[in-house]
Every structure is written in C-alpha cells, then in structure tokens.
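First up is the structure itself, then whatever we jot down about it.
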Amino acid sequence: MVTRSIPRSVLLLSFGTFIVGTDAHSVAGLLPEMASSLQTSVAGAGQSVTVFAIAYAVLAPIWGVVMARHGQRRTLVSGLVLFVLGNALTAVAGSMPVLLAGRVVAAAGAAMFTPAAGAMAVRLAGPERRGTALAWVTTGVAGALVLGALVGAAIASAASWRVTLAVIAVLGLAMLPGVLLLHPVPPAPAQRFADQLPVLRSPQILTTLGISVIAFVGVFIPYTYLSQSYAPLVAALPGGISTVLLLFGLTSVIGVLASGPLTDRVSPRWMVVVVTAALAVVDAAAVLGRESPLVLVAALLAAGYLSWSILTPQQHQLVAAEPDHAAVLISFNAAAGYVGISLAGVLGGTAITMLGSARFTLVASAFLLVAACWRAVPVPRADRAEPEVARRG
C-alpha cells in the first residue's frame with residue numbers, strides 16, 4: 001500500500017539528503033589535506049567550498065523550473081547521477097581546475113536532488129503530514145552537520161581526502177536502486193516552463209523567500225564563527241570546538257524532527273515568528289552571559305534546537321501556497337538559504353571587526369528580529385492554502 005510505503009520512502013529521501021549534506025559539509029574540514037595534495041594554499045583549496053555554494057544557489061532554482069515537467073523521481077535519479085560523477089571527479093582530481101569542475105558538477109547534482117526530495121516527500125505524505133515529511137528530509141541535511149562531517153573527517157584522517165569523497169560517491173551510487181523503486185509520483189499539473197515563473201510574483205512567495213534570506217543570515221552568523229561566538233565554551237569543554245559543534249548539531253537534529261509535527265499542528269507563519277524571535281533572544285543571552293559556562297551551554301543547546309527549526313515551516317508555507325509548484329519553490333528557498341549563508345560569512349566577519357568577538361552575535365539577533373517582525377505582518381492571501389488545522393493554530 002502507498003500509505004505504508006510513505007515512511008520508508010521519506011526515510012530513504014532523508015538518507016539521500018544526508019549523503020548530499022555530508023559532501024557539502026565535509027569538504028571544509030578537508031581543505032588542508034587537499035591543499036597539500038594539489039600543491040596550493042588552503043585559501044586556494046577553499047575556492048572549492050565557494051564554488052560549490054555559488055553553483056548550488058544558482059542552479060537550484062534553474063533545475064526546479066527546468067525539471068518540473070519530468071517528475072520528481074526522474075529528477076532525483078538525474079541529480080544522484082550528477083552528484084556521483086562530481087564526487088568521483090573531485091576524488092581523482094590532480095589539479096585545481098579539475099577539482100573545481102568536480103565541485104560544480106557535484107553541486108549541480110545536489111541542487112537537483114535536495115529540493116526534489118523535499119517536493120516528493122510532500123507529495124507522498126499528503127497535506128496533513130506535509131511538515132513532518134519536510135522535517136525528515138531536512139533532518140538528513142542537519143544530521144550531516146554532525147555525523148556526516150565527523151565521519152568524513154575520520155575517513156580522511158585514516159586514509160585521505162580522496163577516499164572520503166570516493167566513499168560519498170559510492171553511497172550516492174548505492175542510493176540509485178532505492179530511488180528507482182520509489183512509488184512513482186506523476187508531475188503536478190501545469191508544469192510547462194512558462195507556467196513556473198509567474199508564481200514568483202506572488203507577494204506571499206516573495207515575502208517568504210525574503211524572510212528565508214534574512215533569517216539564514218541571522219542563523220549562520222554565529223554558526224559560521226562558532227569558535228568566536230562561544231569562545232569561552234570552546235576553551236572550557238574537553239574537545240574544544242569539536243564538542244561544541246557536536247552539541248549544536250545534535251540539538252539541531254532534535255529541533256528539526258520536532259518542528260515537523262509542530263508545523264502540521266500550528267500556524268507555520270507564527271511558528272517562524274516565535275522561533276526567530278526566540279533565537280534572537282538566545283544570541284543576545286550568549287553575549288550577556290558570556291562569563292557563565294552554564295549560560296553559554298544553555299544558549300548553545302537552545303541555538304542548535306532553534307536554528308534548523310525555521311526551515312520546515314518556511315518550506316511548508318511555500319508548498320501550501322502553491323502545491324503544484326512545490327519543487328520550484330523549494331528550489332528557490334534553497335537558493336535563498338545559500339544567499340543568506342554567503343551573506344552571513346561576510347557580515348559576520350565585518351561584525352567581528354567592528355564589535356569584537358564578544359558582541360558580534362548581536363548583529364545576528366538584529367537580523368532575526370527583522371525576520372520575526374516581517375513574518376508577523378500579514379501578507380495578502382498568505383494563509384489561503386494552509387490546512388484548516390494550521391489556520392486554527
């Protein structure tokens with residue numbers, strides 16, 4: 001029965017996003033070894049991270065529009081094939097140009113696979129379990145921050161960075177039979193190229209995408225510079241930054257999983273308001289309680305729990321507004337997230353220079369408060385497609 005296969009299918013998609021996320025998050029930890037192997041600087045090897053992020057941000061919405069007429073299963077298979085080829089090319093790269101080409105191809109596959117996984121999970125689960133399905137897919141990405149990145153670093157330490165990427169490619173290849181066996185979901189109606197772009201004119205859609213950019217700036221300023229934002233904790237805890245990252249990542253996974261059922265039961269719009277406002281308070285508390293290890297531990301755990309709890313209700317609002325364009329809208333939301341992450345790196349560095357490492361997360365609080373206030377303002381027809389249970393929340 002289809003209803004019985006939905007949990008297994010969504011779990012498979014979650015594992016797929018875990019593999020893709022592991023690739024995206026592992027490379028940053030492999031840069032010194034990559035630089036030594038390719039006889040370049042760490043900064044030079046770091047271009048691979050930048051190229052991946054830019055390619056993903058640019059290609060995700062393009063693939064969402066181009067592949068919409070082909071159905072999610074075909075898109076997932078195509079994305080996995082590109083992802084495997086890109087990682088295989090990266091693993092055997094003997095020069096920086098080949099390495100960068102491999103990262104672009106891998107990003108192209110990731111940008112095709114991840115949004116399609118979210119869209120297919122939504123179609124399989126149905127409107128009443130939309131938030132839960134999206135949360136499980138997002139859990140794969142959040143889990144990659146913890147387990148995936150750590151395992152990738154461990155493999156590189158025991159063997160080499162090339163083996164890490166080869167293993168990721170093999171895991172992607174191993175996913176293909178499972179994806180091919182997924183219950184076929186036909187493309188949504190009205191999937192011609194020209195029918196996709198007009199949805200972006202909707203004030204509701206534009207508002208939600210804009211809030212994703214602002215919110216992710218606020219989320220990733222402290223995370224990008226976690227060693228600075230929680231410096232006293234890094235110095236005090238055994239394991240230092242690795243322990244801090246592990247605690248943050250574990251609570252992130254818990255937060256994502258909890259956000260799904262909650263999004264199905266309450267208003268996704270107000271959930272974003274509450275989560276962004278609460279996270280703004282947490283970031284401010286980390287500044288005010290910087291001298292107290294207990295306050296910093298509590299702030300770190302709360303920040304991890306809240307940071308990834310924003311994504312599911314944001315995606316839910318987009319899909320609820322235009323269910324027939326779910327893949328396209330999730331793709332654009334992914335691009336908005338990557339824009340926010342990129343801006344967070346620049347703005348966070350500037351904030352550290354101007355305010356110092358003890359107070360720069362106040363800038364993140366400001367962005368999060370802007371996101372909360374913007375989301376709290378009603379938008380015409382903003383909740384028109386939400387389920388009745390959500391509107392009652």
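Each chain in the structure tokens gets a letter, A, B, ..., in the order shown, and its residues are numbered from 1; ligands are numbered from 1 in order too.
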
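Residues in contact with Pro127 of chain A at 9 Å, where only C-alpha atoms are counted and same-chain residues fewer than 2 positions away are skipped, are listed as A:Val122, A:Arg123, A:Ala125, A:Arg129, A:Arg130, A:Gly131, A:Asp264, A:Ala320, A:Glu386, A:Pro387.
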
- May I have the residues within 7 Å of Thr75 of chain A as a PyMOL selection string, using only C-alpha atoms and disregarding those fewer than 3 positions away in the same chain? chain A and resi 67+70-72+78-79+112-113+116

File dump, residues just selected, N, CA and C atoms, as a CSV table (one decimal), in the first residue's frame:
```
chain,number,residue,atom,x,y,z
A,67,MET,N,13.3,21.1,-14.6
A,67,MET,CA,12.9,19.7,-14.3
A,67,MET,C,11.5,19.4,-13.9
A,70,HIS,N,9.3,16.9,-15.6
A,70,HIS,CA,9.7,15.5,-15.7
A,70,HIS,C,9.4,14.6,-14.5
A,71,GLY,N,8.9,15.2,-13.4
A,71,GLY,CA,8.5,14.4,-12.3
A,71,GLY,C,9.7,14.2,-11.3
A,72,GLN,N,9.4,14.1,-10.0
A,72,GLN,CA,10.4,14.1,-9.0
A,72,GLN,C,11.3,12.9,-9.1
A,78,SER,N,18.4,11.8,-11.8
A,78,SER,CA,19.4,12.6,-12.6
A,78,SER,C,20.3,13.4,-11.6
A,79,GLY,N,19.8,13.9,-10.5
A,79,GLY,CA,20.6,14.6,-9.5
A,79,GLY,C,21.6,13.7,-8.9
A,112,MET,N,19.8,19.6,-7.7
A,112,MET,CA,18.7,19.0,-8.3
A,112,MET,C,18.1,18.0,-7.3
A,113,PHE,N,18.9,17.3,-6.6
A,113,PHE,CA,18.3,16.2,-5.7
A,113,PHE,C,17.6,16.7,-4.5
A,116,ALA,N,14.1,18.4,-4.9
A,116,ALA,CA,13.2,17.3,-5.4
A,116,ALA,C,12.8,16.3,-4.3
```

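The list of residues with at least one atom within 9 Å of segment 175-179 of chain A, based on only C-alpha atoms and without residues fewer than 3 positions apart in the same chain, reads Ser9, Leu12, Leu13, Phe15, Gly16, Arg73, Leu76, Val77, Leu80, Val81, Val170, Leu171, Gly172, Leu182 and His183 of chain A.
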
Compile a residue-level contact table for segment 125-213 of chain A against segment 339-345 of chain A at a cut-off of 10 Å, reporting for every qualifying residue the shortest atom pair and its distance in Å to one decimal, with only C-alpha atoms counted, rows ordered by chain and ascending number, as a tab-separated table.
```
residue	atom	partner	partner_atom	distance
A:Gly210	CA	A:Gly340	CA	9.6
A:Ile211	CA	A:Gly340	CA	9.7
A:Ser212	CA	A:Gly340	CA	7.4
A:Val213	CA	A:Gly340	CA	4.5
```

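Atom CA of Ala57 of chain A is found 7.4 Å from atom CA of Ala336 of chain A.
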